[in-house]
file data25.cif (mmCIF, C-alpha atoms)
data_my_file
#
loop_
_atom_site.label_atom_id
_atom_site.label_comp_id
_atom_site.auth_asym_id
_atom_site.auth_seq_id
_atom_site.Cartn_x
_atom_site.Cartn_y
_atom_site.Cartn_z
CA MET A 1 -197.86 128.27 105.42
CA THR A 2 -197.38 125.83 102.55
CA ILE A 3 -200.60 124.61 100.94
CA LYS A 4 -199.95 121.01 99.95
CA ASP A 5 -201.96 117.77 99.90
CA THR A 6 -200.50 115.08 102.17
CA ALA A 7 -200.77 111.30 102.29
CA GLU A 8 -202.89 109.86 105.11
CA GLU A 9 -204.81 106.63 105.61
CA TRP A 10 -207.47 106.09 108.27
CA GLU A 11 -208.10 102.65 109.70
CA VAL A 12 -210.38 100.36 107.69
CA ARG A 13 -212.17 97.76 109.83
CA ALA A 14 -213.70 95.83 106.93
CA THR A 15 -213.79 95.99 103.14
CA GLU A 16 -215.66 94.27 100.33
CA THR A 17 -216.10 94.63 96.58
CA PRO A 18 -219.82 94.30 95.76
CA PHE A 19 -219.34 95.03 92.05
CA THR A 20 -216.53 94.34 89.59
CA GLY A 21 -216.81 95.72 86.05
CA ASN A 22 -214.71 95.54 82.92
CA LYS A 23 -212.36 98.39 83.87
CA THR A 24 -213.49 99.60 87.30
CA SER A 25 -215.10 98.24 90.45
CA VAL A 26 -216.98 99.45 93.51
CA ARG A 27 -215.49 99.02 96.97
CA THR A 28 -217.19 99.36 100.35
CA ASP A 29 -214.97 100.22 103.33
CA ASP A 30 -215.88 100.54 107.00
CA VAL A 31 -213.70 103.51 108.02
CA VAL A 32 -212.86 104.61 111.56
CA MET A 33 -213.56 108.33 112.07
CA PRO A 34 -211.48 110.60 114.36
CA ASP A 35 -214.06 110.25 117.15
CA GLY A 36 -213.89 106.45 116.99
CA THR A 37 -217.16 105.86 115.17
CA VAL A 38 -217.19 103.61 112.11
CA VAL A 39 -218.91 104.71 108.90
CA ARG A 40 -219.39 102.96 105.59
CA ARG A 41 -217.95 104.52 102.44
CA ASP A 42 -218.68 103.30 98.89
CA TYR A 43 -216.41 104.41 96.07
CA GLN A 44 -215.34 103.49 92.56
CA VAL A 45 -211.90 101.92 92.18
CA HIS A 46 -210.27 103.22 89.00
CA PRO A 47 -206.95 102.32 87.31
CA GLY A 48 -206.13 105.96 86.57
CA SER A 49 -206.02 107.96 83.36
CA VAL A 50 -203.92 110.25 81.24
CA ALA A 51 -205.00 113.23 79.14
CA VAL A 52 -203.18 115.34 76.56
CA LEU A 53 -203.52 119.04 75.94
CA ALA A 54 -201.95 119.19 72.48
CA LEU A 55 -201.06 122.79 71.58
CA ASP A 56 -200.09 123.60 67.99
CA ASP A 57 -197.84 126.42 66.79
CA GLN A 58 -200.88 128.62 66.09
CA GLY A 59 -202.06 128.54 69.69
CA ARG A 60 -204.85 126.05 69.03
CA VAL A 61 -205.73 123.04 71.15
CA LEU A 62 -206.59 119.69 69.59
CA VAL A 63 -210.04 118.66 70.85
CA ILE A 64 -212.42 115.81 70.15
CA ARG A 65 -216.21 115.62 70.48
CA GLN A 66 -217.51 112.36 71.87
CA TYR A 67 -220.79 110.96 73.24
CA ARG A 68 -220.70 110.29 76.99
CA HIS A 69 -223.63 108.11 78.00
CA PRO A 70 -223.65 108.74 81.79
CA VAL A 71 -224.31 112.47 81.24
CA ARG A 72 -226.26 112.04 77.97
CA GLN A 73 -224.21 114.64 76.13
CA LYS A 74 -221.64 114.98 73.41
CA LEU A 75 -218.70 116.65 75.12
CA TRP A 76 -215.71 118.47 73.71
CA GLU A 77 -212.65 116.90 75.33
CA ILE A 78 -208.90 116.60 75.00
CA PRO A 79 -207.52 113.15 74.07
CA ALA A 80 -207.50 110.86 77.11
CA GLY A 81 -207.53 107.23 78.10
CA LEU A 82 -207.14 104.68 80.86
CA LEU A 83 -203.91 103.38 82.29
CA ASP A 84 -204.73 99.84 81.20
CA ILE A 85 -201.46 98.28 82.31
CA PRO A 86 -200.56 98.42 86.03
CA GLY A 87 -197.36 100.42 86.51
CA GLU A 88 -197.37 101.66 82.91
CA ASN A 89 -195.35 104.81 82.27
CA PRO A 90 -198.06 107.49 81.90
CA LEU A 91 -196.08 109.31 79.21
CA HIS A 92 -196.19 106.22 77.00
CA ALA A 93 -199.93 105.91 77.60
CA ALA A 94 -200.44 109.59 76.70
CA GLN A 95 -198.45 109.24 73.50
CA ARG A 96 -200.56 106.22 72.59
CA GLU A 97 -203.82 108.06 73.21
CA LEU A 98 -202.77 111.07 71.12
CA TYR A 99 -201.89 108.72 68.26
CA GLU A 100 -205.03 106.59 68.52
CA GLU A 101 -207.55 109.41 68.92
CA ALA A 102 -205.99 112.10 66.73
CA HIS A 103 -203.26 110.39 64.66
CA VAL A 104 -200.84 113.02 65.91
CA LYS A 105 -197.39 112.85 67.52
CA ALA A 106 -195.53 115.46 69.56
CA GLU A 107 -191.86 116.15 70.16
CA ASP A 108 -192.14 118.19 73.38
CA TRP A 109 -193.91 116.71 76.40
CA ARG A 110 -194.38 118.18 79.89
CA VAL A 111 -196.62 117.53 82.88
CA LEU A 112 -199.29 120.21 82.96
CA THR A 113 -201.05 119.08 86.16
CA ASP A 114 -202.19 116.05 88.20
CA VAL A 115 -205.74 115.81 89.54
CA TYR A 116 -208.20 113.54 91.32
CA THR A 117 -211.39 113.82 89.28
CA THR A 118 -213.97 113.06 92.01
CA PRO A 119 -212.15 112.22 95.27
CA GLY A 120 -215.38 112.07 97.26
CA GLY A 121 -216.56 108.99 95.39
CA CYS A 122 -213.81 107.67 93.13
CA ASP A 123 -210.04 107.15 93.42
CA GLU A 124 -209.36 108.07 89.77
CA ALA A 125 -206.12 110.02 89.34
CA VAL A 126 -205.40 111.79 86.05
CA ARG A 127 -202.12 113.16 84.77
CA ILE A 128 -202.65 115.88 82.17
CA PHE A 129 -199.75 116.40 79.79
CA LEU A 130 -198.89 119.36 77.62
CA ALA A 131 -197.77 118.25 74.15
CA ARG A 132 -196.14 120.65 71.66
CA ASP A 133 -194.31 120.50 68.34
CA LEU A 134 -197.14 118.52 66.78
CA SER A 135 -197.08 116.64 63.50
CA GLU A 136 -199.11 114.00 61.71
CA ALA A 137 -198.29 110.46 62.82
CA GLU A 138 -196.93 107.98 60.33
CA GLY A 139 -198.71 104.84 59.19
CA GLN A 140 -202.38 103.91 59.11
CA ARG A 141 -204.90 105.46 61.43
CA PHE A 142 -205.94 103.49 64.49
CA GLU A 143 -209.24 101.70 63.91
CA VAL A 144 -211.79 103.12 66.36
CA GLU A 145 -215.01 101.51 67.60
CA ASP A 146 -218.07 102.13 69.80
CA GLU A 147 -218.41 105.80 70.88
CA GLU A 148 -215.06 106.67 69.33
CA ALA A 149 -216.34 105.75 65.86
CA ASP A 150 -218.53 108.87 66.00
CA MET A 151 -215.83 111.27 67.24
CA GLU A 152 -215.26 114.68 65.69
CA LEU A 153 -211.82 116.27 65.69
CA SER A 154 -211.01 119.97 65.68
CA ARG A 155 -208.36 122.54 66.61
CA VAL A 156 -209.71 125.45 68.64
CA PRO A 157 -207.92 128.63 69.80
CA VAL A 158 -207.14 128.60 73.51
CA GLU A 159 -209.05 131.85 74.03
CA GLU A 160 -212.24 130.31 72.64
CA LEU A 161 -211.93 127.32 74.96
CA VAL A 162 -211.41 129.60 77.98
CA ARG A 163 -214.52 131.56 76.98
CA GLY A 164 -216.53 128.34 76.68
CA VAL A 165 -215.34 127.07 80.06
CA LEU A 166 -216.23 130.29 81.88
CA ALA A 167 -219.57 130.53 80.04
CA GLY A 168 -220.57 127.06 81.25
CA GLU A 169 -220.57 125.65 77.71
CA LEU A 170 -217.67 123.19 78.10
CA HIS A 171 -217.77 120.69 80.97
CA ASN A 172 -215.21 117.92 80.49
CA ASN A 173 -212.99 117.81 83.57
CA CYS A 174 -209.68 117.31 81.79
CA LEU A 175 -210.40 119.99 79.20
CA VAL A 176 -211.43 122.54 81.85
CA VAL A 177 -208.49 121.82 84.15
CA GLY A 178 -206.03 121.54 81.27
CA VAL A 179 -207.00 124.77 79.52
CA LEU A 180 -207.08 126.86 82.69
CA SER A 181 -203.78 125.35 83.85
CA LEU A 182 -202.26 126.23 80.49
CA ILE A 183 -203.27 129.87 80.87
CA ALA A 184 -201.96 129.94 84.45
CA ALA A 185 -198.61 128.49 83.32
CA GLN A 186 -198.32 130.94 80.44
CA ASN A 187 -199.04 133.86 82.77
CA GLY A 188 -196.65 132.51 85.41
CA ASP A 189 -193.18 131.10 84.89
CA GLY A 190 -193.89 129.95 81.32
CA LEU A 191 -194.51 126.58 79.72
CA ASP A 192 -190.84 125.59 79.71
CA ALA A 193 -190.89 125.75 83.52
CA LEU A 194 -193.47 122.96 83.78
CA ARG A 195 -192.41 119.63 85.27
CA PRO A 196 -190.66 117.15 82.97
CA ALA A 197 -192.81 114.51 81.28
CA GLU A 198 -191.57 111.72 83.53
CA ALA A 199 -191.85 113.59 86.84
CA PRO A 200 -192.81 111.33 89.79
CA TRP A 201 -196.53 110.70 90.28
CA PRO A 202 -197.22 109.31 93.77
CA ALA A 203 -200.89 108.65 92.95
CA ARG A 204 -199.89 106.14 90.25
CA PRO A 205 -196.21 105.13 90.68
CA PHE A 206 -194.41 103.93 87.55
CA GLU A 207 -191.00 102.94 86.30
CA VAL A 208 -189.20 105.24 83.89
#

call {"tool": "encode", "arguments": {"input": "data25.cif", "output": "structure tokens"}}
result
Amino acid sequence: MTIKDTAEEWEVRATETPFTGNKTSVRTDDVVMPDGTVVRRDYQVHPGSVAVLALDDQGRVLVIRQYRHPVRQKLWEIPAGLLDIPGENPLHAAQRELYEEAHVKAEDWRVLTDVYTTPGGCDEAVRIFLARDLSEAEGQRFEVEDEEADMELSRVPVEELVRGVLAGELHNNCLVVGVLSLIAAQNGDGLDALRPAEAPWPARPFEV
């Protein structure tokens, strides 16, 4: 038996958008269940995101610490950002985020994993990249604002991040998934066997 997610779409009898925000919105669908009943489902409509697990030649991961108001915590995270442009190549977006948040560039890019962050209530899809062969980016640093103006930047050994994840001390979705996927890849076929950086992404199709 092959364990694999598959595309499927149940009938929607009615839909409306009761809230539209700056980047996301809320949609309400009346969905037909297998027994013929119709139930209402509310969910957040999200443009999608990219995240970057940047691994240096000393086995450290580049992480940032940022205030996240919905959970009222400062979280350690890996660089990440929205897919602001419909159909944008996610690799280009990831390279942009690594530059803007860490002023770093990478020569080797691979797809680490693709996830839906909260599929029960949001359609956000995230592609997490592995970036290696890191170096300082040229030019002036990107001017940050709002929560990003208070960000801290650090490089932390992978083993320490794994310990923090399993101890319940690190909670950011992309960091947790990215770090544990990295360990799984290293213990499996190796990092060079990961998918290429521009591998197809059905959740957010793009042009190469």

call {"tool": "resolve_selection", "arguments": {"input": "data25.cif", "expression": "the PyMOL selection byres ((chain A and resi 99-110) around 7)", "output": "VMD selection string"}}
result
chain A and resid 79 95 to 98 111 to 112 129 to 137 141 to 142 194 to 197

call {"tool": "closest_residue", "arguments": {"input": "data25.cif", "among": "A:Leu75, A:Val38, A:Ala93, A:Ala203", "to": "Asn173 (chain A)", "atoms": "all atoms listed in the file"}}
result
A:Leu75

call {"tool": "resolve_selection", "arguments": {"input": "data25.cif", "expression": "the PyMOL selection byres ((chain A and resi 61-63) around 9)", "output": "list in words"}}
result
Val52, Leu53, Ala54, Leu55, Asp56, Gln58, Gly59, Arg60, Ile64, Arg65, Trp76, Glu77, Ile78, Pro79, Ala102, Glu152, Leu153, Ser154, Arg155, Val156, Pro157, Val158, Leu161, Leu175 and Val179 of chain A

call {"tool": "axis_aligned_box", "arguments": {"input": "data25.cif", "around": "region 47-63 of chain A", "padding_each_side": "8 Å", "output": "lines of an AutoDock Vina configuration file"}}
result
center_x = -203.9
center_y = 115.5
center_z = 76.7
size_x = 28.2
size_y = 42.3
size_z = 37.2

call {"tool": "residues_near_point", "arguments": {"input": "data25.cif", "point": "(-199.5, 107.3, 81.5)", "cutoff": "9 Å", "atoms": "all atoms listed in the file", "output": "VMD selection string"}}
result
chain A and resid 48 to 51 81 to 83 87 to 95 126 to 127 204 206

call {"tool": "resolve_selection", "arguments": {"input": "data25.cif", "expression": "the PyMOL selection byres ((chain A and resi 124) around 7)", "output": "count of residues only"}}
result
9

call {"tool": "residues_around", "arguments": {"input": "data25.cif", "residues": "region 15-18 of chain A", "least_positions_apart": "2", "cutoff": "8 Å", "atoms": "all atoms listed in the file", "output": "PyMOL selection string"}}
result
chain A and resi 12-13+20+25-30

call {"tool": "closest_residue", "arguments": {"input": "data25.cif", "among": "A:Ile128, A:Val176, A:Val115, A:Leu191", "to": "Asp5 (chain A)", "atoms": "only C-alpha atoms"}}
result
A:Val115

call {"tool": "atom_distance", "arguments": {"input": "data25.cif", "atom1": "CA of Asp42 (chain A)", "atom2": "CA of Gly121 (chain A)"}}
result
7.0 Å

call {"tool": "decode", "arguments": {"input": "data25.cif", "residues": "region 6-17 of chain A", "atoms": "N, CA and C atoms", "output": "short mmCIF file (atom, residue, chain, number, x, y, z; two decimals), in the first residue's frame"}}
result
data_model
loop_
_atom_site.label_atom_id
_atom_site.label_comp_id
_atom_site.auth_asym_id
_atom_site.auth_seq_id
_atom_site.Cartn_x
_atom_site.Cartn_y
_atom_site.Cartn_z
N THR A 6 -4.07 12.56 -1.82
CA THR A 6 -4.65 12.64 -3.16
C THR A 6 -5.60 13.83 -3.27
N ALA A 7 -5.69 14.38 -4.47
CA ALA A 7 -6.60 15.51 -4.71
C ALA A 7 -8.04 15.03 -4.73
N GLU A 8 -8.93 15.80 -4.12
CA GLU A 8 -10.36 15.50 -4.11
C GLU A 8 -11.11 16.78 -3.76
N GLU A 9 -12.28 16.95 -4.32
CA GLU A 9 -13.05 18.16 -4.05
C GLU A 9 -14.52 17.82 -3.94
N TRP A 10 -15.09 17.97 -2.75
CA TRP A 10 -16.50 17.70 -2.54
C TRP A 10 -17.34 18.88 -3.02
N GLU A 11 -18.58 18.61 -3.33
CA GLU A 11 -19.47 19.63 -3.87
C GLU A 11 -19.70 20.77 -2.87
N VAL A 12 -19.64 21.99 -3.37
CA VAL A 12 -19.93 23.18 -2.56
C VAL A 12 -21.22 23.79 -3.08
N ARG A 13 -22.26 23.85 -2.23
CA ARG A 13 -23.56 24.35 -2.64
C ARG A 13 -23.61 25.88 -2.64
N ALA A 14 -22.85 26.49 -1.73
CA ALA A 14 -22.83 27.95 -1.63
C ALA A 14 -21.53 28.39 -0.99
N THR A 15 -21.08 29.58 -1.32
CA THR A 15 -19.85 30.10 -0.72
C THR A 15 -19.95 31.61 -0.58
N GLU A 16 -19.31 32.13 0.45
CA GLU A 16 -19.25 33.58 0.66
C GLU A 16 -17.96 33.92 1.37
N THR A 17 -17.58 35.19 1.32
CA THR A 17 -16.35 35.66 1.96
C THR A 17 -16.74 36.76 2.96
#
